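In what follows, a single structure is set out as structure tokens and then discussed.
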Amino acid sequence: MIHDVLICFYKDFKFYFASRIIYLLLLVYIMMAAAFTFLGTDFYIASSVNLQQFFKLQPLLFIIIVPALTMRSIADEYRSRTLEIIITQPIARLAFVLGKFLAAWSVCGILLLSSCIIWAILANLLPLDNFWILCCYLSAFLMSGALCAISLLAATFFYHALGAFAAGLGACFLLNNVNLGWIAGLFTSRSMLAAKIAGSFSFSHQYGEMISGQIGLAALLYFLSLIAAFVWLSGAVLDYKRR
């Protein structure tokens, strides 16, 4: 299975560079990250300069970028009719989906690495908590992985890239913005404890906790569980379509 995953990963990862998509996304990501961090906030009037606002904005950036990464992962297979061939081969659907997910997630990692130039510039000018920033980068990488997984799941339902992009955009937006505490409060209006517990499982809450310096095993398991669940569901959808 590992060999199958690597083959699918290499195919998609190579496609991102061959089609030059990654270069466009790098440019857009850096420009948006720099603009939102330095121009769209109170960066210059804050009492202490750090990259807190930069990391707060990462979900917004990846909600836009991730669907653009995954929209052609499955749609191109449908269009070229290679998906019909692939799913009838001995290769496991899970390995097929996992390879595509890892390729998209790797590009997200490259995007995050490219933003280190902002970190380097500020580190040369001001004293920064570099360990905290490193932890925030790990948090952002995990967050982008969860968005990649749900966007890829949404893309498996569509035969065209535009539909896959719209579905991925909607799925990423909902994952980031749905407040489970508020939803739980609608059904358990008398139990504030239940609503509070449900709220702690919200995507934005978990990410916010991580970039505030509270990275623990529970947060890591939360994001890794989301990734595993969405990747498995993507494989299950393709398996269902095979029948």
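By order in the structure tokens, chains are A, B, ...; within a chain, residues start at 1; ligands start at 1, following the order shown.
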Query raised in the report: Contacts of segment 108-122 of chain A at 9 Å or less, counting only C-alpha atoms, minus same-chain residues fewer than 4 places along, as number ranges by chain?
Result: A: 22, 25-26, 29-30, 33-34, 49-51, 62, 65-66, 69, 103-104, 126-128, 130, 133, 137, 140-141, 144-145, 148
Mind writing the picked residues with N, CA and C atoms as a CSV table (one decimal), in the first residue's frame?
chain,number,residue,atom,x,y,z
A,22,ILE,N,1.6,25.9,-8.5
A,22,ILE,CA,2.2,26.2,-7.2
A,22,ILE,C,2.9,27.5,-7.2
A,25,LEU,N,0.2,30.1,-6.8
A,25,LEU,CA,-0.3,30.1,-5.4
A,25,LEU,C,0.7,30.7,-4.4
A,26,LEU,N,2.0,30.4,-4.7
A,26,LEU,CA,3.0,31.0,-3.8
A,26,LEU,C,3.0,32.5,-3.9
A,29,TYR,N,-0.3,33.7,-2.1
A,29,TYR,CA,-0.2,33.5,-0.7
A,29,TYR,C,0.7,34.5,0.0
A,30,ILE,N,1.9,34.7,-0.5
A,30,ILE,CA,2.8,35.6,0.1
A,30,ILE,C,2.2,37.1,0.1
A,33,ALA,N,-0.7,37.2,2.6
A,33,ALA,CA,-0.2,37.1,3.9
A,33,ALA,C,0.5,38.4,4.4
A,34,ALA,N,1.3,39.0,3.5
A,34,ALA,CA,2.0,40.2,3.9
A,34,ALA,C,1.0,41.4,4.0
A,49,VAL,N,5.0,43.8,19.2
A,49,VAL,CA,4.9,43.3,17.8
A,49,VAL,C,5.2,41.8,17.8
A,50,ASN,N,4.3,41.0,17.2
A,50,ASN,CA,4.5,39.6,17.0
A,50,ASN,C,3.8,39.1,15.8
A,51,LEU,N,3.7,37.8,15.6
A,51,LEU,CA,3.1,37.3,14.4
A,51,LEU,C,1.7,36.7,14.7
A,62,PHE,N,-6.1,29.8,3.7
A,62,PHE,CA,-6.1,28.4,3.2
A,62,PHE,C,-7.5,28.0,2.8
A,65,ILE,N,-7.2,29.0,-0.7
A,65,ILE,CA,-6.1,28.3,-1.5
A,65,ILE,C,-6.4,26.8,-1.6
A,66,VAL,N,-6.8,26.2,-0.5
A,66,VAL,CA,-6.9,24.7,-0.5
A,66,VAL,C,-7.9,24.2,-1.6
A,69,LEU,N,-6.3,23.9,-4.8
A,69,LEU,CA,-5.3,22.8,-4.9
A,69,LEU,C,-6.0,21.5,-5.2
A,103,ALA,N,-0.1,15.0,-1.4
A,103,ALA,CA,0.5,15.9,-2.4
A,103,ALA,C,0.0,17.3,-2.1
A,104,ALA,N,-1.4,17.5,-1.9
A,104,ALA,CA,-1.9,18.8,-1.6
A,104,ALA,C,-1.4,19.4,-0.3
A,126,LEU,N,13.4,42.7,15.5
A,126,LEU,CA,12.8,42.8,16.8
A,126,LEU,C,13.0,41.4,17.5
A,127,PRO,N,13.1,41.4,18.9
A,127,PRO,CA,13.1,40.2,19.6
A,127,PRO,C,11.8,39.4,19.5
A,128,LEU,N,11.8,38.2,19.1
A,128,LEU,CA,10.6,37.4,18.9
A,128,LEU,C,10.7,36.1,19.7
A,130,ASN,N,10.7,32.8,19.2
A,130,ASN,CA,10.8,31.9,18.1
A,130,ASN,C,10.2,30.5,18.3
A,133,ILE,N,6.5,30.8,17.7
A,133,ILE,CA,6.3,30.9,16.3
A,133,ILE,C,6.4,29.6,15.6
A,137,TYR,N,3.5,27.6,13.6
A,137,TYR,CA,3.6,27.0,12.2
A,137,TYR,C,3.2,25.6,12.2
A,140,ALA,N,-0.6,25.7,12.2
A,140,ALA,CA,-1.1,26.1,10.9
A,140,ALA,C,-1.0,25.0,9.9
A,141,PHE,N,0.1,24.2,10.0
A,141,PHE,CA,0.3,23.0,9.1
A,141,PHE,C,-0.8,22.0,9.3
A,144,SER,N,-4.1,23.3,8.0
A,144,SER,CA,-4.2,23.2,6.5
A,144,SER,C,-4.4,21.8,6.1
A,145,GLY,N,-3.9,20.8,6.8
A,145,GLY,CA,-4.1,19.4,6.5
A,145,GLY,C,-5.6,19.0,6.6
A,148,CYS,N,-7.4,20.5,3.7
A,148,CYS,CA,-7.1,19.7,2.5
A,148,CYS,C,-8.0,18.4,2.5
**Report entry** Selection near Gly216 of chain A, 12 Å with only C-alpha atoms, sequence-local residues under 5 positions removed, as a PyMOL selection string
**Finding:** chain A and resi 135+138-139+206-207+209-211+221-223
Query raised in the report: Can you tell me, as a PyMOL selection string, what residues are no more than 6 Å from segment 156-165 of chain A when counting only C-alpha atoms, ignoring any on the same chain fewer than 3 positions away?
Result: chain A and resi 67+71-72+74-75+78+153+168-169
Would you save the residues of that selection, restricted to C-alpha atoms, as a PDB file, in the first residue's frame?
ATOM      1  CA  PRO A  67      -9.950  24.278  -2.796  1.00  0.00           C
ATOM      2  CA  MET A  71     -10.387  20.952  -7.263  1.00  0.00           C
ATOM      3  CA  ARG A  72      -8.619  19.108 -10.098  1.00  0.00           C
ATOM      4  CA  ILE A  74     -10.454  14.047  -8.796  1.00  0.00           C
ATOM      5  CA  ALA A  75     -12.090  16.112 -11.564  1.00  0.00           C
ATOM      6  CA  TYR A  78     -13.044  11.962 -14.251  1.00  0.00           C
ATOM      7  CA  LEU A 153     -13.763  14.846   0.192  1.00  0.00           C
ATOM      8  CA  GLY A 168     -14.358  22.613  -1.363  1.00  0.00           C
ATOM      9  CA  LEU A 169     -14.685  26.316  -0.609  1.00  0.00           C
TER      10      LEU A 169
END
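Going from atom CA of Gly208 of chain A over to atom CA of Lys56 of chain A, you cover 7.5 Å.
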